[in-house]
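Novice: Sharing start35.tsv (TSV, C-alpha atoms) below.
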```tsv
chain	number	residue	atom	x	y	z
A	298	MET	CA	135.71	85.60	161.65
A	299	PHE	CA	139.08	87.35	161.41
A	300	GLN	CA	141.77	86.52	158.91
A	301	ASP	CA	145.04	84.81	159.80
A	302	ASP	CA	146.97	87.73	158.27
A	303	THR	CA	146.51	90.27	161.07
A	304	THR	CA	148.33	93.01	159.18
A	305	ARG	CA	145.68	93.13	156.47
A	306	ILE	CA	142.18	94.42	157.15
A	307	HIS	CA	139.31	93.22	154.96
A	308	ILE	CA	136.75	95.97	154.51
A	309	LEU	CA	133.17	95.64	153.36
A	310	SER	CA	131.79	99.05	152.38
A	311	PHE	CA	128.20	100.22	152.09
A	312	LEU	CA	129.38	103.66	150.97
A	313	ASP	CA	128.19	105.06	147.68
A	314	GLY	CA	128.62	108.07	145.48
A	315	PRO	CA	131.27	110.77	145.94
A	316	LEU	CA	131.88	109.78	149.57
A	317	GLU	CA	132.81	106.28	148.54
A	318	GLU	CA	135.02	107.58	145.72
A	319	ARG	CA	136.94	109.86	148.09
A	320	LEU	CA	137.59	107.01	150.51
A	321	CYS	CA	138.65	104.66	147.69
A	322	ARG	CA	141.31	107.14	146.58
A	323	ILE	CA	142.78	106.95	150.09
A	324	VAL	CA	142.86	103.16	150.42
A	325	GLU	CA	143.46	102.26	146.75
A	326	GLY	CA	146.67	100.31	146.26
A	327	GLU	CA	147.32	100.01	149.98
A	328	GLN	CA	148.44	96.43	150.73
A	329	ARG	CA	147.31	96.51	154.37
A	330	LEU	CA	143.72	97.19	153.37
A	331	HIS	CA	141.51	95.03	151.19
A	332	TYR	CA	138.51	97.08	150.13
A	333	ARG	CA	135.25	95.58	148.83
A	334	LYS	CA	132.04	97.34	148.00
A	335	VAL	CA	128.65	95.65	148.31
A	336	GLU	CA	126.62	95.25	145.15
A	337	SER	CA	123.65	97.28	146.44
A	338	PRO	CA	125.02	99.77	148.95
A	339	SER	CA	121.72	101.62	149.09
A	340	ALA	CA	120.07	98.62	150.80
A	341	LEU	CA	121.62	99.13	154.23
A	342	PRO	CA	121.11	96.12	156.54
A	343	LEU	CA	120.31	98.34	159.53
A	344	SER	CA	118.28	96.77	162.33
A	345	GLY	CA	117.84	96.99	166.06
A	346	ALA	CA	121.44	95.77	166.45
A	347	ILE	CA	122.90	98.45	164.14
A	348	ILE	CA	123.47	95.85	161.41
A	349	ASP	CA	121.59	92.68	160.56
A	350	VAL	CA	124.29	89.98	160.90
A	351	SER	CA	122.16	87.56	158.87
A	352	PHE	CA	123.02	89.72	155.87
A	353	LEU	CA	126.64	88.55	156.07
A	354	ALA	CA	125.67	84.87	156.25
A	355	GLU	CA	123.26	85.19	153.32
A	356	HIS	CA	125.99	86.72	151.11
A	357	ASN	CA	128.72	84.38	152.40
A	358	ILE	CA	131.10	87.21	153.31
A	359	ASP	CA	133.32	87.48	156.37
A	360	PRO	CA	134.96	90.93	156.58
A	361	ASP	CA	137.01	92.38	159.41
A	362	VAL	CA	135.33	95.79	159.19
A	363	ILE	CA	132.04	97.06	157.80
A	364	LEU	CA	131.82	100.69	156.75
A	365	LEU	CA	128.32	102.07	157.23
A	366	PRO	CA	127.24	105.53	156.01
A	367	VAL	CA	125.14	107.04	158.80
A	368	SER	CA	123.01	110.17	158.57
A	369	GLY	CA	121.36	112.14	161.32
A	370	ALA	CA	118.05	110.40	160.57
A	371	ASP	CA	119.74	106.98	160.87
A	372	LEU	CA	121.15	107.99	164.25
A	373	ASP	CA	117.71	109.14	165.42
A	374	ARG	CA	116.20	105.79	164.52
A	375	LEU	CA	119.05	103.72	165.97
A	376	THR	CA	118.96	105.71	169.19
A	377	ARG	CA	115.31	104.70	169.63
A	378	VAL	CA	115.49	101.02	168.66
A	379	THR	CA	119.03	99.75	169.20
A	380	ASP	CA	119.40	96.91	171.67
A	381	GLN	CA	122.65	97.80	173.41
A	382	LYS	CA	123.16	94.15	174.48
A	383	ASN	CA	123.06	92.86	170.91
A	384	HIS	CA	126.52	93.17	169.35
A	385	SER	CA	127.63	92.37	165.84
A	386	PRO	CA	130.44	89.77	165.50
A	387	THR	CA	132.08	92.09	162.95
A	388	ALA	CA	133.62	95.48	163.66
A	389	ILE	CA	131.21	98.26	162.58
A	390	VAL	CA	132.59	101.67	161.69
A	391	ALA	CA	130.13	104.53	161.20
A	392	VAL	CA	131.01	106.94	158.40
A	393	LEU	CA	129.23	110.19	159.18
A	394	LEU	CA	127.49	111.76	156.19
A	395	ASP	CA	127.16	115.13	157.92
A	396	ASP	CA	129.89	117.23	159.46
A	397	SER	CA	128.08	117.49	162.78
A	398	LEU	CA	129.53	117.27	166.30
A	399	CYS	CA	126.08	116.27	167.58
A	400	ASP	CA	126.02	113.31	165.17
A	401	ALA	CA	129.49	112.27	166.30
A	402	ILE	CA	128.41	112.31	169.97
A	403	ARG	CA	125.26	110.29	169.28
A	404	ALA	CA	127.22	107.78	167.19
A	405	ALA	CA	129.70	107.37	170.06
A	406	GLN	CA	126.81	106.46	172.37
A	407	LEU	CA	125.79	103.55	170.13
A	408	ASN	CA	127.48	100.20	169.55
A	409	PHE	CA	129.83	101.34	166.80
A	410	ASP	CA	133.42	100.15	167.07
A	411	GLY	CA	134.69	103.27	165.33
A	412	ILE	CA	133.54	106.58	163.87
A	413	LEU	CA	134.98	107.95	160.65
A	414	ALA	CA	134.40	111.41	159.21
A	415	GLU	CA	135.87	113.51	156.46
A	416	PRO	CA	138.47	114.61	155.65
A	417	PHE	CA	140.01	111.17	155.13
A	418	GLU	CA	143.74	110.67	155.80
A	419	PHE	CA	145.23	107.25	155.26
A	420	GLY	CA	147.13	107.12	158.55
A	421	ASP	CA	144.06	108.13	160.51
A	422	VAL	CA	141.84	105.73	158.56
A	423	TYR	CA	144.18	102.78	159.06
A	424	ARG	CA	144.63	103.45	162.79
A	425	LEU	CA	140.87	103.81	163.24
A	426	LEU	CA	140.12	100.60	161.33
A	427	SER	CA	142.82	98.69	163.24
A	428	GLY	CA	141.45	99.99	166.53
A	429	ALA	CA	137.93	99.01	165.52
A	430	VAL	CA	139.05	95.45	164.77
A	431	GLU	CA	140.85	95.17	168.12
A	432	LYS	CA	137.86	96.65	169.95
A	433	CYS	CA	135.57	94.12	168.28
A	434	LYS	CA	137.92	91.27	169.22
A	435	LYS	CA	137.95	92.36	172.85
A	436	ARG	CA	134.20	92.85	172.84
A	437	LEU	CA	133.63	89.35	171.50
A	438	PHE	CA	136.18	87.91	173.92
A	439	PHE	CA	134.43	89.46	176.91
A	440	ALA	CA	131.03	88.52	175.50
A	441	GLN	CA	132.16	84.88	175.28
A	442	ARG	CA	133.55	85.03	178.81
A	443	TYR	CA	130.31	86.58	180.01
A	444	HIS	CA	128.33	83.85	178.25
A	445	LYS	CA	130.49	81.12	179.81
A	446	LEU	CA	130.16	82.80	183.20
A	447	ARG	CA	126.37	82.91	182.82
A	448	GLN	CA	126.36	79.20	181.92
A	449	LEU	CA	128.56	78.43	184.92
A	450	LEU	CA	126.35	80.45	187.25
A	451	ARG	CA	123.23	78.85	185.79
A	452	LYS	CA	124.73	75.39	186.34
A	453	THR	CA	125.88	76.37	189.84
A	454	ASN	CA	122.40	77.61	190.73
A	455	LEU	CA	120.87	74.45	189.30
A	456	ASP	CA	123.31	72.28	191.27
A	457	ARG	CA	122.60	74.32	194.39
A	458	ARG	CA	118.84	73.89	193.99
A	459	THR	CA	119.31	70.17	193.38
A	460	LEU	CA	121.54	69.90	196.45
A	461	ARG	CA	119.04	71.89	198.51
A	462	LYS	CA	116.25	69.53	197.44
A	463	LYS	CA	118.39	66.51	198.35
A	464	ILE	CA	119.23	68.02	201.73
A	465	ASN	CA	115.55	68.80	202.34
A	466	LEU	CA	114.62	65.22	201.43
A	467	LEU	CA	117.38	63.90	203.68
A	468	CYS	CA	116.22	66.11	206.55
A	469	GLN	CA	112.62	65.01	206.00
A	470	ASP	CA	113.75	61.38	206.00
A	471	LEU	CA	115.69	61.95	209.22
A	472	VAL	CA	112.73	63.67	210.85
A	473	HIS	CA	110.42	60.90	209.65
A	474	SER	CA	112.83	58.23	210.88
A	475	ASN	CA	113.21	59.94	214.26
A	476	THR	CA	109.44	60.26	214.52
A	477	ASN	CA	109.01	56.57	213.70
A	478	LEU	CA	111.73	55.65	216.18
A	479	THR	CA	110.11	57.78	218.87
A	480	ASN	CA	106.71	56.24	218.17
A	481	THR	CA	108.21	52.75	218.23
A	482	LEU	CA	109.93	53.40	221.57
A	483	GLN	CA	106.72	54.84	222.97
A	484	ASN	CA	104.78	51.78	221.79
A	485	LEU	CA	107.38	49.47	223.30
A	486	ARG	CA	107.18	51.42	226.55
A	487	LYS	CA	103.38	51.18	226.54
A	488	ALA	CA	103.52	47.45	225.89
A	489	TYR	CA	106.16	46.95	228.60
A	490	ASP	CA	104.24	48.95	231.21
A	491	PHE	CA	100.97	47.26	230.28
A	492	GLN	CA	102.59	43.82	230.49
A	493	ASN	CA	103.95	44.67	233.95
A	494	ASP	CA	100.48	45.73	235.07
A	495	LEU	CA	99.08	42.38	233.99
A	496	THR	CA	101.86	40.32	235.54
A	497	GLY	CA	100.64	38.38	238.58
A	498	GLU	CA	96.96	38.61	237.66
A	499	PHE	CA	95.48	35.10	237.72
A	500	ASP	CA	91.79	35.95	237.82
A	501	LEU	CA	90.71	36.02	234.18
A	502	ASN	CA	87.62	38.14	234.77
A	503	TYR	CA	89.56	40.74	236.73
A	504	LEU	CA	92.36	40.66	234.17
A	505	LEU	CA	89.96	41.32	231.30
A	506	HIS	CA	88.13	44.18	233.00
A	507	LYS	CA	91.36	45.76	234.22
A	508	SER	CA	92.82	45.59	230.72
A	509	LEU	CA	89.66	46.85	229.04
A	510	ARG	CA	89.40	49.78	231.42
A	511	HIS	CA	92.96	50.79	230.63
A	512	ILE	CA	92.58	50.31	226.87
A	513	LYS	CA	89.35	52.22	226.43
A	514	GLU	CA	90.85	55.18	228.30
A	515	GLN	CA	93.21	55.64	225.34
A	516	ILE	CA	90.22	56.71	223.20
A	517	ASP	CA	87.98	59.48	224.50
A	518	ASN	CA	84.34	58.69	225.27
A	519	SER	CA	84.61	55.09	224.16
A	520	SER	CA	83.24	51.78	225.38
A	521	GLY	CA	84.65	48.31	224.84
A	522	VAL	CA	84.12	44.57	224.97
A	523	ILE	CA	86.45	41.58	224.95
A	524	TYR	CA	85.32	38.40	223.20
A	525	LEU	CA	87.24	35.17	223.91
A	526	CYS	CA	87.50	32.44	221.31
A	527	GLN	CA	87.76	29.72	223.98
A	528	SER	CA	84.36	30.48	225.51
A	529	LYS	CA	82.88	31.90	222.30
A	530	ASP	CA	81.35	34.69	224.34
A	531	ILE	CA	81.91	38.26	225.48
A	532	GLU	CA	83.68	38.04	228.85
A	533	ALA	CA	84.19	41.75	229.60
A	534	HIS	CA	82.14	44.82	228.76
A	535	ILE	CA	82.72	48.34	230.03
A	536	SER	CA	80.31	50.91	228.60
A	537	GLY	CA	79.84	54.62	228.97
A	538	PRO	CA	76.50	56.31	229.68
A	539	TRP	CA	74.92	54.50	226.76
A	540	TYR	CA	72.50	52.00	228.24
A	541	GLU	CA	70.17	52.12	231.20
A	542	GLY	CA	69.94	48.44	232.02
A	543	ARG	CA	71.43	45.02	231.57
A	544	ARG	CA	68.88	44.17	228.92
A	545	GLU	CA	70.21	46.88	226.63
A	546	LEU	CA	73.79	45.72	227.29
A	547	ASP	CA	72.79	42.17	226.38
A	548	GLU	CA	71.30	43.47	223.14
A	549	ILE	CA	74.42	45.41	222.09
A	550	GLU	CA	76.63	42.45	222.99
A	551	GLN	CA	74.53	40.13	220.84
A	552	LEU	CA	74.58	42.63	217.99
A	553	LEU	CA	78.38	42.91	218.21
A	554	LYS	CA	78.73	39.11	218.26
A	555	ASP	CA	76.45	38.70	215.26
A	556	THR	CA	78.16	41.39	213.20
A	557	ILE	CA	81.65	42.73	213.71
A	558	ILE	CA	82.97	40.03	216.06
A	559	THR	CA	81.86	37.24	213.72
A	560	GLN	CA	83.53	38.96	210.77
A	561	VAL	CA	86.82	39.52	212.61
A	562	ALA	CA	86.84	35.95	213.96
A	563	GLN	CA	86.39	34.64	210.44
A	564	THR	CA	88.79	36.97	208.59
A	565	LYS	CA	91.24	37.52	211.48
A	566	THR	CA	91.69	41.10	210.30
A	567	ILE	CA	90.99	44.52	211.79
A	568	ARG	CA	87.61	46.05	210.96
A	569	LEU	CA	86.79	49.75	211.16
A	570	ILE	CA	83.19	50.91	210.70
A	571	PRO	CA	83.05	54.72	211.08
A	572	LYS	CA	79.24	54.78	210.94
A	573	ALA	CA	77.45	51.53	211.72
A	574	GLY	CA	74.15	52.94	210.42
A	575	GLU	CA	75.69	52.95	206.92
A	576	TRP	CA	77.29	49.50	207.14
A	577	GLN	CA	76.06	47.67	204.05
A	578	GLU	CA	77.37	44.23	205.04
A	579	ILE	CA	74.77	43.76	207.77
A	580	THR	CA	70.98	43.63	207.67
A	581	VAL	CA	68.74	46.67	207.66
A	582	LYS	CA	67.49	45.75	211.13
A	583	GLU	CA	71.05	45.48	212.48
A	584	ARG	CA	71.99	48.80	210.87
A	585	ARG	CA	68.99	50.43	212.53
A	586	GLN	CA	69.90	48.95	215.92
A	587	LEU	CA	73.56	50.02	215.63
A	588	GLU	CA	72.80	53.43	214.16
A	589	GLY	CA	74.66	56.23	215.90
A	590	LEU	CA	77.70	54.10	216.75
A	591	SER	CA	81.21	53.92	215.34
A	592	LEU	CA	82.85	50.48	215.64
A	593	SER	CA	86.32	49.05	215.44
A	594	ALA	CA	87.49	45.52	216.23
A	595	TRP	CA	90.95	43.94	216.52
A	596	PRO	CA	91.87	40.24	216.58
A	597	MET	CA	94.22	39.27	219.43
A	598	PHE	CA	96.95	36.72	218.75
A	599	SER	CA	99.34	34.82	220.99
A	600	ASP	CA	101.94	32.65	219.26
A	601	GLU	CA	99.90	32.92	216.04
A	602	GLU	CA	96.85	31.58	217.83
A	603	MET	CA	93.82	33.83	217.98
A	604	THR	CA	92.69	34.22	221.58
A	605	GLY	CA	89.90	36.75	221.16
A	606	VAL	CA	88.54	39.97	219.72
A	607	LEU	CA	88.70	43.45	221.20
A	608	VAL	CA	85.84	45.78	220.18
A	609	ILE	CA	85.77	49.52	220.85
A	610	TYR	CA	82.68	51.57	220.05
A	611	LYS	CA	81.62	55.19	220.52
A	612	ASP	CA	79.26	57.88	219.24
A	613	ASP	CA	79.69	58.31	215.47
A	614	SER	CA	79.65	62.10	215.80
A	615	HIS	CA	83.38	61.61	216.41
A	616	PRO	CA	84.04	58.30	214.62
A	617	LEU	CA	86.93	55.97	215.21
A	618	THR	CA	89.90	56.35	212.84
A	619	PRO	CA	92.95	54.33	211.70
A	620	ALA	CA	94.98	56.44	214.14
A	621	ASP	CA	93.05	54.78	216.97
A	622	SER	CA	94.28	51.41	215.72
A	623	GLU	CA	97.86	52.67	215.95
A	624	THR	CA	97.16	53.88	219.48
A	625	LEU	CA	95.82	50.52	220.67
A	626	ALA	CA	98.21	48.26	218.73
A	627	PRO	CA	100.89	48.07	221.51
A	628	TYR	CA	98.34	46.76	224.03
A	629	LEU	CA	97.01	43.83	222.01
A	630	PRO	CA	99.99	41.39	222.13
A	631	PRO	CA	100.52	41.66	225.94
A	632	LEU	CA	96.80	41.22	226.54
A	633	ALA	CA	96.61	38.18	224.23
A	634	HIS	CA	99.63	36.55	225.92
A	635	SER	CA	98.23	37.21	229.39
A	636	ILE	CA	94.83	35.75	228.43
A	637	LYS	CA	96.45	32.63	227.02
A	638	ALA	CA	98.69	32.23	230.10
A	639	VAL	CA	95.75	32.50	232.53
A	640	GLN	CA	93.68	30.10	230.42
A	641	LYS	CA	96.52	27.53	230.50
A	642	LEU	CA	96.83	27.97	234.27
A	643	GLN	CA	93.10	27.45	234.74
A	644	HIS	CA	93.26	24.34	232.57
A	645	LEU	CA	96.08	22.90	234.72
A	646	ILE	CA	94.23	23.67	237.94
A	647	VAL	CA	91.06	22.01	236.70
A	648	HIS	CA	92.92	18.90	235.66
```
Translate this file's structure into structure tokens.
Specialist:
Amino acid sequence: MFQDDTTRIHILSFLDGPLEERLCRIVEGEQRLHYRKVESPSALPLSGAIIDVSFLAEHNIDPDVILLPVSGADLDRLTRVTDQKNHSPTAIVAVLLDDSLCDAIRAAQLNFDGILAEPFEFGDVYRLLSGAVEKCKKRLFFAQRYHKLRQLLRKTNLDRRTLRKKINLLCQDLVHSNTNLTNTLQNLRKAYDFQNDLTGEFDLNYLLHKSLRHIKEQIDNSSGVIYLCQSKDIEAHISGPWYEGRRELDEIEQLLKDTIITQVAQTKTIRLIPKAGEWQEITVKERRQLEGLSLSAWPMFSDEEMTGVLVIYKDDSHPLTPADSETLAPYLPPLAHSIKAVQKLQHLIVH
């Protein structure tokens, strides 16, 4: 914006009439000042920022100082609308049209880099214009530093938010990992304790009922059956206050064999039926007979061989959920291994 020759000040003047003539007589012929008058000084480029800087770009001019004639009315308007944060990149010197102390005070409160009033003396004019240029340079310097500081703070805040998000994600991962580790250790402990309870049990019927009693206690108000693949029959059944007699127990066992046990034995996958009365894969009659129950069945494997199916059922007012599968998962492998071990022992004894 500023010229390389710092001893010479390039002036763009919007003054007109006798005022402009009086100032020209002061600066005329002075080598340190280069004076230029705009073509239409009456069209002042005043705006909310004192001067519309787009005016300079449109006319391809780059002065060091702009001289602006300012009246009391101009000061009134600028006092109301001037954005004090919006500074011109060129030094602006207000030339007061009225000899008024009040106007001088109001002009000093605005963003002018200098205030000039008659009578004009060259020494005073030159010192004022030089000071205005230096003030503008400092203002732009600090504005640039402020802008860079804002960018740095914005980047720092962005980096801090990014870091905070990463730390939060890391903490969540650690909490999740610790939770998984705790759950895994608890499951291993359950499996170990359950395996110890089954160690030394050689009566298959007692083993099944003991295991089923322990397993169904993990789910409130539930009943359960154990189906063995070797016998192709339900070998253990512990029910709650559901059925009054053996006939009703025989009926539910047959229903379970015909429906959910058959499906699990064929697919070798876990089945969860929250409401058996809405189970579309079975017949209408079977749905009616199982209505009111929630069912879940798990295949039991030992050395990749399926030994049986565990079925848990309860009132569908509080249906079984996937969380129940996670609860019972640690008990299935020890039970399957124990069943297979007792079956092998019985086979050896028989033969």
Novice: Looking at all atoms listed in the file, which of A:Leu546, A:Cys526, A:Cys321, A:Leu437 is the one that sits closest to Ile636 of chain A?
Specialist: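 Closest candidate: A:Cys526.
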Novice: Which is closest to His511 of chain A among A:Thr604, A:Leu320, A:Tyr628, A:Ser622, if we use only C-alpha atoms?
Specialist: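 Looking at the shortest contact to His511 of chain A, the residue is A:Tyr628.
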Novice: Set the distance at 9 Å and use only C-alpha atoms: which residues neighbour Ser368 of chain A once local chain neighbours fewer than 6 positions away are removed? I'd like the list as number ranges by chain.
Specialist: A: 392-395, 400
Novice: Quick one: everything within 12 Å of Thr624 of chain A, counting all atoms listed in the file, minus sequence neighbours fewer than 6 positions away in the same chain. Send it as a ChimeraX atom specification.
Specialist: /A:480-481,483-485,487-488,512-517,617-618
Novice: Could you please determine the separation between atom CA of Ile646 of chain A and atom CA of Phe491 of chain A in Å, to one decimal place?
Specialist: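 Computing the Euclidean distance for atom CA of Ile646 of chain A and atom CA of Phe491 of chain A yields 25.7 Å.
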Novice: I'd like the neighbourhood of Lys434 of chain A as a list in words, where a residue qualifies if any of its atoms comes within 9 Å (using only C-alpha atoms), though same-chain residues fewer than 2 positions away should be ignored.
Specialist: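 These residues fall inside the cut-off: Phe299, Pro386, Thr387, Ala388, Ala429, Val430, Glu431, Lys432, Arg436, Leu437, Phe438 and Phe439 of chain A.
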Novice: Can you patch up segment 407-417 of chain A, filling it in to all heavy atoms, and show the result as a PDB file, in the coordinates of the input?
Specialist:
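Once written, selection37.pdb looks like this:
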```pdb
ATOM      1  N   LEU A 407     126.327 104.804 170.641  1.00  0.00           N
ATOM      2  CA  LEU A 407     125.790 103.550 170.130  1.00  0.00           C
ATOM      3  C   LEU A 407     126.874 102.469 170.123  1.00  0.00           C
ATOM      4  O   LEU A 407     127.966 102.663 170.650  1.00  0.00           O
ATOM      5  CB  LEU A 407     125.203 103.762 168.729  1.00  0.00           C
ATOM      6  CG  LEU A 407     124.007 104.727 168.691  1.00  0.00           C
ATOM      7  CD1 LEU A 407     123.628 105.045 167.253  1.00  0.00           C
ATOM      8  CD2 LEU A 407     122.817 104.120 169.426  1.00  0.00           C
ATOM      9  N   ASN A 408     126.572 101.341 169.494  1.00  0.00           N
ATOM     10  CA  ASN A 408     127.480 100.200 169.550  1.00  0.00           C
ATOM     11  C   ASN A 408     128.520 100.174 168.439  1.00  0.00           C
ATOM     12  O   ASN A 408     129.036  99.118 168.098  1.00  0.00           O
ATOM     13  CB  ASN A 408     126.673  98.893 169.479  1.00  0.00           C
ATOM     14  CG  ASN A 408     126.012  98.580 170.811  1.00  0.00           C
ATOM     15  OD1 ASN A 408     126.436  99.071 171.845  1.00  0.00           O
ATOM     16  ND2 ASN A 408     124.972  97.780 170.765  1.00  0.00           N
ATOM     17  N   PHE A 409     128.831 101.310 167.856  1.00  0.00           N
ATOM     18  CA  PHE A 409     129.830 101.340 166.800  1.00  0.00           C
ATOM     19  C   PHE A 409     131.221 101.108 167.384  1.00  0.00           C
ATOM     20  O   PHE A 409     131.532 101.552 168.491  1.00  0.00           O
ATOM     21  CB  PHE A 409     129.800 102.691 166.072  1.00  0.00           C
ATOM     22  CG  PHE A 409     128.544 102.913 165.289  1.00  0.00           C
ATOM     23  CD1 PHE A 409     127.617 103.874 165.671  1.00  0.00           C
ATOM     24  CD2 PHE A 409     128.271 102.141 164.175  1.00  0.00           C
ATOM     25  CE1 PHE A 409     126.461 104.076 164.950  1.00  0.00           C
ATOM     26  CE2 PHE A 409     127.107 102.346 163.443  1.00  0.00           C
ATOM     27  CZ  PHE A 409     126.200 103.306 163.835  1.00  0.00           C
ATOM     28  N   ASP A 410     132.041 100.403 166.622  1.00  0.00           N
ATOM     29  CA  ASP A 410     133.420 100.150 167.070  1.00  0.00           C
ATOM     30  C   ASP A 410     134.353 101.275 166.641  1.00  0.00           C
ATOM     31  O   ASP A 410     135.507 101.323 167.090  1.00  0.00           O
ATOM     32  CB  ASP A 410     133.924  98.824 166.471  1.00  0.00           C
ATOM     33  CG  ASP A 410     133.112  97.643 166.987  1.00  0.00           C
ATOM     34  OD1 ASP A 410     133.107  97.427 168.206  1.00  0.00           O
ATOM     35  OD2 ASP A 410     132.479  96.944 166.168  1.00  0.00           O
ATOM     36  N   GLY A 411     133.889 102.124 165.767  1.00  0.00           N
ATOM     37  CA  GLY A 411     134.690 103.270 165.330  1.00  0.00           C
ATOM     38  C   GLY A 411     133.821 104.269 164.607  1.00  0.00           C
ATOM     39  O   GLY A 411     132.748 103.934 164.105  1.00  0.00           O
ATOM     40  N   ILE A 412     134.279 105.511 164.561  1.00  0.00           N
ATOM     41  CA  ILE A 412     133.540 106.580 163.870  1.00  0.00           C
ATOM     42  C   ILE A 412     134.521 107.284 162.939  1.00  0.00           C
ATOM     43  O   ILE A 412     135.596 107.738 163.360  1.00  0.00           O
ATOM     44  CB  ILE A 412     132.948 107.581 164.884  1.00  0.00           C
ATOM     45  CG1 ILE A 412     132.009 106.856 165.875  1.00  0.00           C
ATOM     46  CG2 ILE A 412     132.197 108.691 164.162  1.00  0.00           C
ATOM     47  CD1 ILE A 412     131.540 107.740 167.004  1.00  0.00           C
ATOM     48  N   LEU A 413     134.125 107.366 161.679  1.00  0.00           N
ATOM     49  CA  LEU A 413     134.980 107.950 160.650  1.00  0.00           C
ATOM     50  C   LEU A 413     134.250 109.127 160.003  1.00  0.00           C
ATOM     51  O   LEU A 413     133.060 109.028 159.694  1.00  0.00           O
ATOM     52  CB  LEU A 413     135.327 106.900 159.591  1.00  0.00           C
ATOM     53  CG  LEU A 413     136.367 107.248 158.540  1.00  0.00           C
ATOM     54  CD1 LEU A 413     137.711 107.544 159.188  1.00  0.00           C
ATOM     55  CD2 LEU A 413     136.508 106.089 157.556  1.00  0.00           C
ATOM     56  N   ALA A 414     134.991 110.216 159.846  1.00  0.00           N
ATOM     57  CA  ALA A 414     134.400 111.410 159.210  1.00  0.00           C
ATOM     58  C   ALA A 414     135.455 112.072 158.329  1.00  0.00           C
ATOM     59  O   ALA A 414     136.665 111.898 158.525  1.00  0.00           O
ATOM     60  CB  ALA A 414     133.898 112.376 160.278  1.00  0.00           C
ATOM     61  N   GLU A 415     134.951 112.771 157.337  1.00  0.00           N
ATOM     62  CA  GLU A 415     135.870 113.510 156.460  1.00  0.00           C
ATOM     63  C   GLU A 415     136.475 114.682 157.217  1.00  0.00           C
ATOM     64  O   GLU A 415     135.864 115.209 158.153  1.00  0.00           O
ATOM     65  CB  GLU A 415     135.118 113.983 155.221  1.00  0.00           C
ATOM     66  CG  GLU A 415     134.685 112.852 154.311  1.00  0.00           C
ATOM     67  CD  GLU A 415     134.141 113.349 152.985  1.00  0.00           C
ATOM     68  OE1 GLU A 415     133.000 113.890 152.992  1.00  0.00           O
ATOM     69  OE2 GLU A 415     134.848 113.204 151.980  1.00  0.00           O
ATOM     70  N   PRO A 416     137.679 115.093 156.796  1.00  0.00           N
ATOM     71  CA  PRO A 416     138.470 114.610 155.650  1.00  0.00           C
ATOM     72  C   PRO A 416     139.195 113.304 155.979  1.00  0.00           C
ATOM     73  O   PRO A 416     139.551 113.050 157.125  1.00  0.00           O
ATOM     74  CB  PRO A 416     139.453 115.751 155.426  1.00  0.00           C
ATOM     75  CG  PRO A 416     139.641 116.358 156.779  1.00  0.00           C
ATOM     76  CD  PRO A 416     138.294 116.258 157.465  1.00  0.00           C
ATOM     77  N   PHE A 417     139.363 112.452 154.954  1.00  0.00           N
ATOM     78  CA  PHE A 417     140.010 111.170 155.130  1.00  0.00           C
ATOM     79  C   PHE A 417     141.519 111.311 154.935  1.00  0.00           C
ATOM     80  O   PHE A 417     141.990 111.870 153.941  1.00  0.00           O
ATOM     81  CB  PHE A 417     139.475 110.156 154.105  1.00  0.00           C
ATOM     82  CG  PHE A 417     137.990 109.929 154.218  1.00  0.00           C
ATOM     83  CD1 PHE A 417     137.191 109.983 153.084  1.00  0.00           C
ATOM     84  CD2 PHE A 417     137.392 109.670 155.441  1.00  0.00           C
ATOM     85  CE1 PHE A 417     135.832 109.777 153.173  1.00  0.00           C
ATOM     86  CE2 PHE A 417     136.033 109.465 155.536  1.00  0.00           C
ATOM     87  CZ  PHE A 417     135.237 109.526 154.400  1.00  0.00           C
TER      88      PHE A 417
END
```
